[in-house]
Amino acid sequence: MNELLLIVRRSLSQHALSTVVTAFAIALASGLVMSVFVIQQQTYKAFTGGDVGFDAVLGARGSQLQLVLNTIFHLETSPGNIPYTLYQEVVKNPKVDLAIPYAVGDNYQGFRIVGTTEEIFTKFEYQRGKKFEVESGGKFFDSKQKEAVIGSFVASQTGLKVGDVFQPYHGLIFSEDAKHNDDYKVVGVLKNTNSPSDRVIWIPIEGIYRMKGHVLRGTGENYKAKEGEEIPDEAKEVSAVMLKLKSPQAGISLAQTVNNQGKVATLAFPIGRTMAELFNKIGWINRVLELVAYLVVIVAAFSILASIYNSINERRREFAILRALGAKRTTVFSVIILESAITALIGAVCGYFVYLAILFATAFIVRSQTGVIIDIFQFDWILILTPVGMTIVGAIAGLIPAFKAYRTDVAENLIPIS
Amino acid sequence: MVLSVKNLRKSYVSPDGENQRVVDVPNFSINSAEQIALQGESGSGKTTFLNLIAGILQADEGEIWIDESEMTSLTEAERDGLRAEKIGYVFQTFNLLQGFSALENVLLGMSFGIGADRNYAEKLLERVGLADRKNYKPRQLSVGQQQRVAVARALANRPKIVLADEPTGNLDRKRAFEALDLIREICAENGTALLLVSHDQEILSKFEKVENLANINRVESLI
């Protein structure tokens, strides 16, 4: 075995350039395969299995998926509003542990402004046992004031800090022409939560109602809030009510009531299943990515085959000498297979760097776009199986060159027959 | 007797499709530690004869006894094994492995037979005067030094017989005689038989026993 490794080592160093190029191709293939599978699983897990703090979302009649994307992940447009009175009913429902209203429709530099109640800070747990906390020097907003508490990502991207004043923009997409004439003062910056909430600006829900230009249609007729005047509850609307339920059975029962019997609202429950439906719908993208990854593996395998096959002609004399020294045909065969497998293994190990680079980039993009965190250091069996698989693919790719080396005619390649 | 050849025949199919016999040796033998020079012109079939003895080529007919093993009855893998254990081969063009150091070349000469023995390999290189060049690659050595590495490698597996095919053909006169003396001395020291093929009369004249291949091979020269 030692002599085989010595021969392989020398051969790889003698053909260093082609070894490096081939290993690089393998590294790309290996890194791509690992990334595709891990990203698939991690994003699925992050979007469907993560603890989002709420069990269900009550919103306007329509798509549950749109409701979840809009309220949990702060993506997509709002499917519409529901009357504030519905929120008041839900709060009193004995199956509901916590109900927090959301009112959306404004942004600041593209970051979503969510009008809500103080309960989002005092009662809501974004993860089991974890409530929002403000960085030192800050506080939660006073629901009677035009105050805002901003997520950590918003703070880092916009430069807003405690004491700064900003004016919201109408709509969920930033447009310079849509500025509201309302000044909001930043009173707190939330500590990083590694959740979509990091991308949100929280203001009192009353602020949304009283934002200049906003019209409330809770009664079916347009109502504009006037300064110093109480807004009747009937006129108010909310985009959604975020629910923490007392039990899973409560969710099933509530969903039955709202979705099957009611006509006004939709209850998205359970949230994980709703997101899983999204992944099922876009599952074909994963299949395409897998196919691309497999194609890259095949190309990489051919690059091993071509690289070693091309070197066989110039190495025939070497094989003949080895045979003349007593090496068996199978030894020469093994040398080539080992060489292919080791090249693939080197590439596959380097593939971890490609994998980490892709995952870092993906995690950054996913986080900046959605606030969802992908754990790039999470162990997955694919991280073991891929290098092993690539090594086997490498060994298989070496079969054709190995047979060519196996058939090397010793006498012919040593000296001409006299 | 370390080598005994009986009724050995080998033919090739010519480009015209005809069977062309190149070796037809009824009888040939070498005793242990004996040194024989085989005189043969180009095209006389001397390399084919050596390759048959080494088991690199398979004979059509006849017997080749190496020590106590009959080469022609063995499978190719068994012939490889026998060659690795009992035969050393020195080539005219040295046939050193270019990517390997002098020491590694010698170690590889051992590894398929008795197994790599670094101390013995270093001792052999010291014996051929290359102790300080053991880590040099062939291209960093002179032709004379390369041939000395080839000699050390041929002796590395403590063979029963060394086959040398025009081992001095690529050397100038001075180095040719140095190399010849070295091969003969080391074979004598180790009790190894030597069968050296050459067409150089000066080289042949150094041997007590010289056989003319034309006399033992019943095939006419191919050229």
# chains A, B, ... in the order shown; residues from 1 in each chain; ligands from 1
call {"tool": "interface_residues", "arguments": {"of": "chain A", "to": "chain B", "cutoff": "8 Å", "atoms": "only C-alpha atoms", "output": "compact mmCIF listing (two decimals) with N, CA and C atoms, in the first residue's frame"}}
result
# COMPACT_ATOMS: atom_id res chain seq x y z
N GLU A 3 3.77 1.70 -1.32
CA GLU A 3 4.32 2.01 -2.64
C GLU A 3 3.25 2.60 -3.55
N ARG A 10 3.45 10.98 -6.03
CA ARG A 10 4.38 11.53 -7.02
C ARG A 10 3.63 11.93 -8.30
N SER A 11 2.69 11.09 -8.69
CA SER A 11 1.96 11.38 -9.92
C SER A 11 1.14 12.66 -9.77
N GLN A 14 3.46 15.51 -9.86
CA GLN A 14 4.03 15.71 -11.21
C GLN A 14 3.02 16.38 -12.14
N GLU A 318 6.17 4.68 -17.64
CA GLU A 318 6.23 4.54 -16.17
C GLU A 318 5.55 3.23 -15.74
N ILE A 321 7.69 0.30 -16.71
CA ILE A 321 8.83 0.14 -15.79
C ILE A 321 8.36 -0.52 -14.49
N ARG A 323 5.83 -2.42 -14.10
CA ARG A 323 5.54 -3.82 -14.38
C ARG A 323 6.83 -4.62 -14.47
N ALA A 324 7.85 -4.02 -15.11
CA ALA A 324 9.13 -4.73 -15.25
C ALA A 324 9.76 -4.97 -13.88
N LEU A 325 9.46 -4.08 -12.94
CA LEU A 325 9.98 -4.26 -11.58
C LEU A 325 9.18 -5.30 -10.79
N GLY A 326 8.11 -5.76 -11.39
CA GLY A 326 7.34 -6.82 -10.72
C GLY A 326 5.93 -6.41 -10.31
N ALA A 327 5.56 -5.15 -10.64
CA ALA A 327 4.19 -4.72 -10.29
C ALA A 327 3.19 -5.48 -11.16
N LYS A 328 2.11 -5.91 -10.55
CA LYS A 328 1.09 -6.64 -11.30
C LYS A 328 0.20 -5.64 -12.05
N ARG A 329 -0.53 -6.17 -13.03
CA ARG A 329 -1.48 -5.31 -13.75
C ARG A 329 -2.45 -4.66 -12.76
N VAL A 410 4.00 -4.12 -21.62
CA VAL A 410 5.27 -3.83 -20.96
C VAL A 410 6.41 -3.78 -21.97
N ALA A 411 6.57 -4.87 -22.71
CA ALA A 411 7.71 -4.96 -23.62
C ALA A 411 7.70 -3.82 -24.63
N LEU A 414 8.81 -0.49 -23.05
CA LEU A 414 10.15 -0.38 -22.46
C LEU A 414 11.16 -0.04 -23.54
N ILE A 417 11.22 -4.05 -29.72
CA ILE A 417 11.65 -5.44 -29.87
C ILE A 417 12.68 -5.52 -30.97
N SER A 418 13.81 -6.13 -30.64
CA SER A 418 14.88 -6.21 -31.64
C SER A 418 14.66 -7.41 -32.54
call {"tool": "residues_around", "arguments": {"residues": "segment 251-258 of chain A", "least_positions_apart": "3", "cutoff": "8 Å", "atoms": "only C-alpha atoms", "output": "PyMOL selection string"}}
result
chain A and resi 55-56+95+245+247-248+261-263+265-270
call {"tool": "residues_around", "arguments": {"residues": "Glu76 of chain A", "least_positions_apart": "2", "cutoff": "12 Å", "atoms": "only C-alpha atoms", "output": "mmCIF file with all heavy atoms, in the first residue's frame"}}
result
data_model
loop_
_atom_site.group_PDB
_atom_site.id
_atom_site.type_symbol
_atom_site.label_atom_id
_atom_site.label_comp_id
_atom_site.auth_asym_id
_atom_site.auth_seq_id
_atom_site.Cartn_x
_atom_site.Cartn_y
_atom_site.Cartn_z
ATOM 1 N N SER A 63 -56.053 34.090 1.280
ATOM 2 C CA SER A 63 -55.000 33.072 1.369
ATOM 3 C C SER A 63 -54.339 33.037 2.752
ATOM 4 O O SER A 63 -53.900 34.065 3.273
ATOM 5 C CB SER A 63 -53.946 33.369 0.299
ATOM 6 O OG SER A 63 -52.731 32.780 0.640
ATOM 7 N N LEU A 65 -51.594 31.516 3.316
ATOM 8 C CA LEU A 65 -50.156 31.681 3.078
ATOM 9 C C LEU A 65 -49.793 33.162 3.032
ATOM 10 O O LEU A 65 -48.819 33.616 3.649
ATOM 11 C CB LEU A 65 -49.764 30.989 1.761
ATOM 12 C CG LEU A 65 -48.303 31.115 1.349
ATOM 13 C CD1 LEU A 65 -47.392 30.490 2.392
ATOM 14 C CD2 LEU A 65 -48.083 30.446 -0.005
ATOM 15 N N GLN A 66 -50.605 33.947 2.307
ATOM 16 C CA GLN A 66 -50.349 35.382 2.209
ATOM 17 C C GLN A 66 -50.416 36.026 3.592
ATOM 18 O O GLN A 66 -49.614 36.899 3.931
ATOM 19 C CB GLN A 66 -51.377 36.022 1.265
ATOM 20 C CG GLN A 66 -51.012 37.443 0.872
ATOM 21 C CD GLN A 66 -52.058 38.083 -0.021
ATOM 22 O OE1 GLN A 66 -53.055 37.452 -0.382
ATOM 23 N NE2 GLN A 66 -51.831 39.335 -0.369
ATOM 24 N N LEU A 67 -51.349 35.546 4.384
ATOM 25 C CA LEU A 67 -51.524 36.072 5.740
ATOM 26 C C LEU A 67 -50.277 35.801 6.592
ATOM 27 O O LEU A 67 -49.775 36.689 7.295
ATOM 28 C CB LEU A 67 -52.758 35.388 6.354
ATOM 29 C CG LEU A 67 -53.410 36.020 7.567
ATOM 30 C CD1 LEU A 67 -53.769 37.480 7.292
ATOM 31 C CD2 LEU A 67 -54.663 35.226 7.957
ATOM 32 N N VAL A 68 -49.790 34.581 6.496
ATOM 33 C CA VAL A 68 -48.604 34.207 7.281
ATOM 34 C C VAL A 68 -47.377 34.973 6.804
ATOM 35 O O VAL A 68 -46.606 35.520 7.610
ATOM 36 C CB VAL A 68 -48.364 32.679 7.206
ATOM 37 C CG1 VAL A 68 -47.025 32.308 7.816
ATOM 38 C CG2 VAL A 68 -49.482 31.933 7.924
ATOM 39 N N LEU A 69 -47.203 35.016 5.483
ATOM 40 C CA LEU A 69 -46.038 35.734 4.945
ATOM 41 C C LEU A 69 -46.080 37.191 5.362
ATOM 42 O O LEU A 69 -45.068 37.793 5.717
ATOM 43 C CB LEU A 69 -46.014 35.625 3.412
ATOM 44 C CG LEU A 69 -45.604 34.269 2.841
ATOM 45 C CD1 LEU A 69 -45.765 34.264 1.324
ATOM 46 C CD2 LEU A 69 -44.157 33.924 3.196
ATOM 47 N N ASN A 70 -47.260 37.769 5.331
ATOM 48 C CA ASN A 70 -47.412 39.190 5.633
ATOM 49 C C ASN A 70 -47.178 39.516 7.110
ATOM 50 O O ASN A 70 -46.560 40.527 7.438
ATOM 51 C CB ASN A 70 -48.818 39.635 5.211
ATOM 52 C CG ASN A 70 -49.020 41.120 5.431
ATOM 53 O OD1 ASN A 70 -48.165 41.918 5.072
ATOM 54 N ND2 ASN A 70 -50.132 41.482 6.052
ATOM 55 N N THR A 71 -47.633 38.656 7.974
ATOM 56 C CA THR A 71 -47.583 38.998 9.399
ATOM 57 C C THR A 71 -46.423 38.363 10.164
ATOM 58 O O THR A 71 -45.872 38.974 11.064
ATOM 59 C CB THR A 71 -48.900 38.569 10.088
ATOM 60 O OG1 THR A 71 -49.098 37.172 9.832
ATOM 61 C CG2 THR A 71 -50.081 39.351 9.574
ATOM 62 N N ILE A 72 -46.075 37.131 9.802
ATOM 63 C CA ILE A 72 -44.984 36.455 10.519
ATOM 64 C C ILE A 72 -43.637 36.838 9.926
ATOM 65 O O ILE A 72 -42.687 37.146 10.644
ATOM 66 C CB ILE A 72 -45.147 34.916 10.460
ATOM 67 C CG1 ILE A 72 -46.474 34.488 11.080
ATOM 68 C CG2 ILE A 72 -43.961 34.224 11.131
ATOM 69 C CD1 ILE A 72 -46.561 34.614 12.586
ATOM 70 N N PHE A 73 -43.577 36.821 8.589
ATOM 71 C CA PHE A 73 -42.290 37.071 7.938
ATOM 72 C C PHE A 73 -42.179 38.497 7.394
ATOM 73 O O PHE A 73 -41.159 38.866 6.840
ATOM 74 C CB PHE A 73 -42.067 36.037 6.826
ATOM 75 C CG PHE A 73 -41.972 34.637 7.377
ATOM 76 C CD1 PHE A 73 -43.058 33.786 7.325
ATOM 77 C CD2 PHE A 73 -40.809 34.198 7.987
ATOM 78 C CE1 PHE A 73 -42.983 32.503 7.852
ATOM 79 C CE2 PHE A 73 -40.729 32.921 8.525
ATOM 80 C CZ PHE A 73 -41.820 32.071 8.468
ATOM 81 N N HIS A 74 -43.251 39.268 7.531
ATOM 82 C CA HIS A 74 -43.270 40.653 7.084
ATOM 83 C C HIS A 74 -42.885 40.773 5.612
ATOM 84 O O HIS A 74 -42.089 41.622 5.215
ATOM 85 C CB HIS A 74 -42.381 41.520 7.990
ATOM 86 C CG HIS A 74 -42.776 41.422 9.428
ATOM 87 N ND1 HIS A 74 -43.927 41.985 9.928
ATOM 88 C CD2 HIS A 74 -42.209 40.761 10.467
ATOM 89 C CE1 HIS A 74 -44.046 41.694 11.215
ATOM 90 N NE2 HIS A 74 -43.002 40.947 11.569
ATOM 91 N N SER A 78 -50.576 42.852 2.328
ATOM 92 C CA SER A 78 -51.627 42.416 3.240
ATOM 93 C C SER A 78 -52.848 41.995 2.424
ATOM 94 O O SER A 78 -53.206 42.655 1.447
ATOM 95 C CB SER A 78 -51.994 43.572 4.173
ATOM 96 O OG SER A 78 -53.193 43.270 4.843
ATOM 97 N N PRO A 79 -53.480 40.874 2.802
ATOM 98 C CA PRO A 79 -54.661 40.451 2.030
ATOM 99 C C PRO A 79 -55.882 41.345 2.288
ATOM 100 O O PRO A 79 -56.937 41.131 1.709
ATOM 101 C CB PRO A 79 -54.898 39.025 2.524
ATOM 102 C CG PRO A 79 -54.260 38.936 3.858
ATOM 103 C CD PRO A 79 -53.153 39.941 3.880
ATOM 104 N N GLY A 80 -55.732 42.326 3.171
ATOM 105 C CA GLY A 80 -56.869 43.200 3.471
ATOM 106 C C GLY A 80 -57.019 43.356 4.970
ATOM 107 O O GLY A 80 -56.173 42.877 5.730
ATOM 108 N N VAL A 104 -50.835 47.190 9.291
ATOM 109 C CA VAL A 104 -49.696 47.476 8.412
ATOM 110 C C VAL A 104 -50.150 48.321 7.236
ATOM 111 O O VAL A 104 -51.341 48.475 6.987
ATOM 112 C CB VAL A 104 -49.041 46.176 7.897
ATOM 113 C CG1 VAL A 104 -48.517 45.335 9.036
ATOM 114 C CG2 VAL A 104 -50.024 45.361 7.050
ATOM 115 N N GLY A 105 -49.180 48.859 6.544
ATOM 116 C CA GLY A 105 -49.533 49.660 5.377
ATOM 117 C C GLY A 105 -48.566 50.801 5.149
ATOM 118 O O GLY A 105 -48.689 51.556 4.193
ATOM 119 N N ARG A 112 -40.844 47.697 7.040
ATOM 120 C CA ARG A 112 -42.263 47.709 7.338
ATOM 121 C C ARG A 112 -42.553 48.337 8.708
ATOM 122 O O ARG A 112 -41.875 48.049 9.694
ATOM 123 C CB ARG A 112 -42.774 46.277 7.312
ATOM 124 C CG ARG A 112 -44.246 46.159 7.293
ATOM 125 C CD ARG A 112 -44.622 44.763 6.933
ATOM 126 N NE ARG A 112 -44.339 44.451 5.535
ATOM 127 C CZ ARG A 112 -45.021 43.562 4.827
ATOM 128 N NH1 ARG A 112 -46.009 42.899 5.385
ATOM 129 N NH2 ARG A 112 -44.730 43.323 3.576
ATOM 130 N N GLY A 171 -47.652 52.913 2.157
ATOM 131 C CA GLY A 171 -47.477 51.695 1.353
ATOM 132 C C GLY A 171 -46.396 50.807 1.937
ATOM 133 O O GLY A 171 -45.636 51.214 2.818
ATOM 134 N N LEU A 172 -46.356 49.585 1.414
ATOM 135 C CA LEU A 172 -45.347 48.637 1.915
ATOM 136 C C LEU A 172 -44.068 48.693 1.093
ATOM 137 O O LEU A 172 -43.035 48.170 1.487
ATOM 138 C CB LEU A 172 -45.916 47.209 1.896
ATOM 139 C CG LEU A 172 -47.109 46.989 2.845
ATOM 140 C CD1 LEU A 172 -47.668 45.581 2.696
ATOM 141 C CD2 LEU A 172 -46.692 47.256 4.288
ATOM 142 N N ILE A 173 -44.144 49.350 -0.073
ATOM 143 C CA ILE A 173 -42.949 49.523 -0.905
ATOM 144 C C ILE A 173 -42.560 50.986 -0.856
ATOM 145 O O ILE A 173 -43.408 51.875 -1.012
ATOM 146 C CB ILE A 173 -43.223 49.051 -2.346
ATOM 147 C CG1 ILE A 173 -43.522 47.540 -2.330
ATOM 148 C CG2 ILE A 173 -42.040 49.341 -3.256
ATOM 149 C CD1 ILE A 173 -44.153 47.027 -3.590
ATOM 150 N N GLN A 369 -33.237 39.613 3.510
ATOM 151 C CA GLN A 369 -34.517 39.699 2.812
ATOM 152 C C GLN A 369 -35.708 39.337 3.708
ATOM 153 O O GLN A 369 -36.801 39.854 3.522
ATOM 154 C CB GLN A 369 -34.527 38.760 1.597
ATOM 155 C CG GLN A 369 -33.530 39.150 0.513
ATOM 156 C CD GLN A 369 -33.844 40.485 -0.121
ATOM 157 O OE1 GLN A 369 -34.983 40.778 -0.436
ATOM 158 N NE2 GLN A 369 -32.833 41.329 -0.285
ATOM 159 N N THR A 370 -35.491 38.410 4.631
ATOM 160 C CA THR A 370 -36.630 37.909 5.407
ATOM 161 C C THR A 370 -36.440 37.990 6.917
ATOM 162 O O THR A 370 -37.402 37.855 7.670
ATOM 163 C CB THR A 370 -36.904 36.424 5.090
ATOM 164 O OG1 THR A 370 -35.813 35.645 5.598
ATOM 165 C CG2 THR A 370 -37.041 36.175 3.608
#
call {"tool": "closest_atom_pairs", "arguments": {"of": "segment 95-173 of chain B", "to": "segment 196-217 of chain B", "cutoff": "7 Å", "atoms": "only C-alpha atoms", "output": "JSON lines"}}
result
{"residue": "B:Leu163", "atom": "CA", "partner": "B:Leu196", "partner_atom": "CA", "distance": 6.0}
{"residue": "B:Ala164", "atom": "CA", "partner": "B:Leu196", "partner_atom": "CA", "distance": 4.5}
{"residue": "B:Asp165", "atom": "CA", "partner": "B:Val197", "partner_atom": "CA", "distance": 5.0}
{"residue": "B:Glu166", "atom": "CA", "partner": "B:Ser198", "partner_atom": "CA", "distance": 4.9}
call {"tool": "select_by_dssp", "arguments": {"residues": "segment 62-146 of chain B", "states": "alpha helix (DSSP H)", "output": "ChimeraX atom specification"}}
result
/B:76-86,102-111,118-127,143-146
call {"tool": "select_by_dssp", "arguments": {"residues": "segment 120-198 of chain B", "states": "strand (DSSP E or B)", "output": "list in words"}}
result
Ile161, Val162, Leu163, Ala164, Asp165, Ala193, Leu194, Leu195, Leu196, Val197 and Ser198 of chain B
call {"tool": "residues_around", "arguments": {"residues": "segment 301-309 of chain A", "least_positions_apart": "2", "cutoff": "7 Å", "atoms": "only C-alpha atoms", "output": "PyMOL selection string"}}
result
chain A and resi 18+22+297-299+311-312+340+393-394+397-398+401
call {"tool": "residues_around", "arguments": {"residues": "Lys179 of chain A", "least_positions_apart": "2", "cutoff": "10 Å", "atoms": "only C-alpha atoms", "output": "PyMOL selection string"}}
result
chain A and resi 106-108+167-171+174-177+181-182+212
call {"tool": "write_last_selection", "arguments": {"atoms": "C-alpha atoms", "output": "PDB file, in the first residue's frame"}}
result
ATOM      1  CA  ASP A 106     -46.573  51.989   5.875  1.00  0.00           C
ATOM      2  CA  ASN A 107     -42.827  51.761   5.640  1.00  0.00           C
ATOM      3  CA  TYR A 108     -39.648  53.641   6.262  1.00  0.00           C
ATOM      4  CA  GLN A 167     -41.473  60.349   8.789  1.00  0.00           C
ATOM      5  CA  PRO A 168     -43.201  57.152   7.603  1.00  0.00           C
ATOM      6  CA  TYR A 169     -43.949  56.516   3.940  1.00  0.00           C
ATOM      7  CA  HIS A 170     -47.283  55.214   2.778  1.00  0.00           C
ATOM      8  CA  GLY A 171     -47.477  51.695   1.353  1.00  0.00           C
ATOM      9  CA  PHE A 174     -40.778  52.566  -0.436  1.00  0.00           C
ATOM     10  CA  SER A 175     -41.705  55.509  -2.654  1.00  0.00           C
ATOM     11  CA  GLU A 176     -40.232  58.944  -2.014  1.00  0.00           C
ATOM     12  CA  ASP A 177     -43.462  60.639  -3.084  1.00  0.00           C
ATOM     13  CA  ASN A 181     -46.419  64.361   7.449  1.00  0.00           C
ATOM     14  CA  ASP A 182     -46.143  62.639  10.817  1.00  0.00           C
ATOM     15  CA  LYS A 212     -52.425  61.741   8.023  1.00  0.00           C
TER      16      LYS A 212
END
call {"tool": "residues_around", "arguments": {"residues": "Lys130 of chain A", "least_positions_apart": "5", "cutoff": "10 Å", "atoms": "only C-alpha atoms", "output": "list in words"}}
result
Gly53, Lys123, Phe124, Glu125 and Thr193 of chain A
call {"tool": "residues_around", "arguments": {"residues": "Val149 of chain B", "least_positions_apart": "4", "cutoff": "7 Å", "atoms": "only C-alpha atoms", "output": "list in words"}}
result
Ala102, Leu125, Gln145 and Arg153 of chain B
call {"tool": "write_last_selection", "arguments": {"atoms": "all heavy atoms", "output": "PDB file, in the first residue's frame"}}
result
ATOM      1  N   ALA B 102      16.396   8.884  -6.436  1.00  0.00           N
ATOM      2  CA  ALA B 102      17.220   7.674  -6.600  1.00  0.00           C
ATOM      3  C   ALA B 102      16.821   6.638  -5.547  1.00  0.00           C
ATOM      4  O   ALA B 102      16.624   5.459  -5.859  1.00  0.00           O
ATOM      5  CB  ALA B 102      18.694   8.046  -6.453  1.00  0.00           C
ATOM      6  N   LEU B 125      22.841   2.147  -2.545  1.00  0.00           N
ATOM      7  CA  LEU B 125      23.214   3.414  -3.184  1.00  0.00           C
ATOM      8  C   LEU B 125      24.614   3.838  -2.743  1.00  0.00           C
ATOM      9  O   LEU B 125      25.382   4.413  -3.524  1.00  0.00           O
ATOM     10  CB  LEU B 125      22.191   4.510  -2.850  1.00  0.00           C
ATOM     11  CG  LEU B 125      20.865   4.415  -3.624  1.00  0.00           C
ATOM     12  CD1 LEU B 125      19.853   5.421  -3.107  1.00  0.00           C
ATOM     13  CD2 LEU B 125      21.103   4.642  -5.125  1.00  0.00           C
ATOM     14  N   GLN B 145      25.596   8.256 -13.454  1.00  0.00           N
ATOM     15  CA  GLN B 145      24.952   8.108 -12.127  1.00  0.00           C
ATOM     16  C   GLN B 145      23.586   7.439 -12.268  1.00  0.00           C
ATOM     17  O   GLN B 145      23.199   6.618 -11.431  1.00  0.00           O
ATOM     18  CB  GLN B 145      24.821   9.478 -11.463  1.00  0.00           C
ATOM     19  CG  GLN B 145      26.156  10.049 -10.989  1.00  0.00           C
ATOM     20  CD  GLN B 145      26.045  11.503 -10.565  1.00  0.00           C
ATOM     21  OE1 GLN B 145      25.197  12.242 -11.057  1.00  0.00           O
ATOM     22  NE2 GLN B 145      26.910  11.911  -9.652  1.00  0.00           N
ATOM     23  N   ARG B 153      18.985  -0.567  -8.252  1.00  0.00           N
ATOM     24  CA  ARG B 153      17.580  -0.986  -8.252  1.00  0.00           C
ATOM     25  C   ARG B 153      17.434  -2.461  -8.675  1.00  0.00           C
ATOM     26  O   ARG B 153      16.633  -3.197  -8.102  1.00  0.00           O
ATOM     27  CB  ARG B 153      16.775  -0.099  -9.213  1.00  0.00           C
ATOM     28  CG  ARG B 153      15.283  -0.376  -9.193  1.00  0.00           C
ATOM     29  CD  ARG B 153      14.526   0.538 -10.122  1.00  0.00           C
ATOM     30  NE  ARG B 153      14.862   0.260 -11.526  1.00  0.00           N
ATOM     31  CZ  ARG B 153      14.353   0.933 -12.551  1.00  0.00           C
ATOM     32  NH1 ARG B 153      13.514   1.932 -12.335  1.00  0.00           N
ATOM     33  NH2 ARG B 153      14.693   0.639 -13.777  1.00  0.00           N
TER      34      ARG B 153
END
call {"tool": "atom_distance", "arguments": {"atom1": "atom CA of Thr168 of chain B", "atom2": "atom CA of Glu189 of chain B"}}
result
20.3 Å
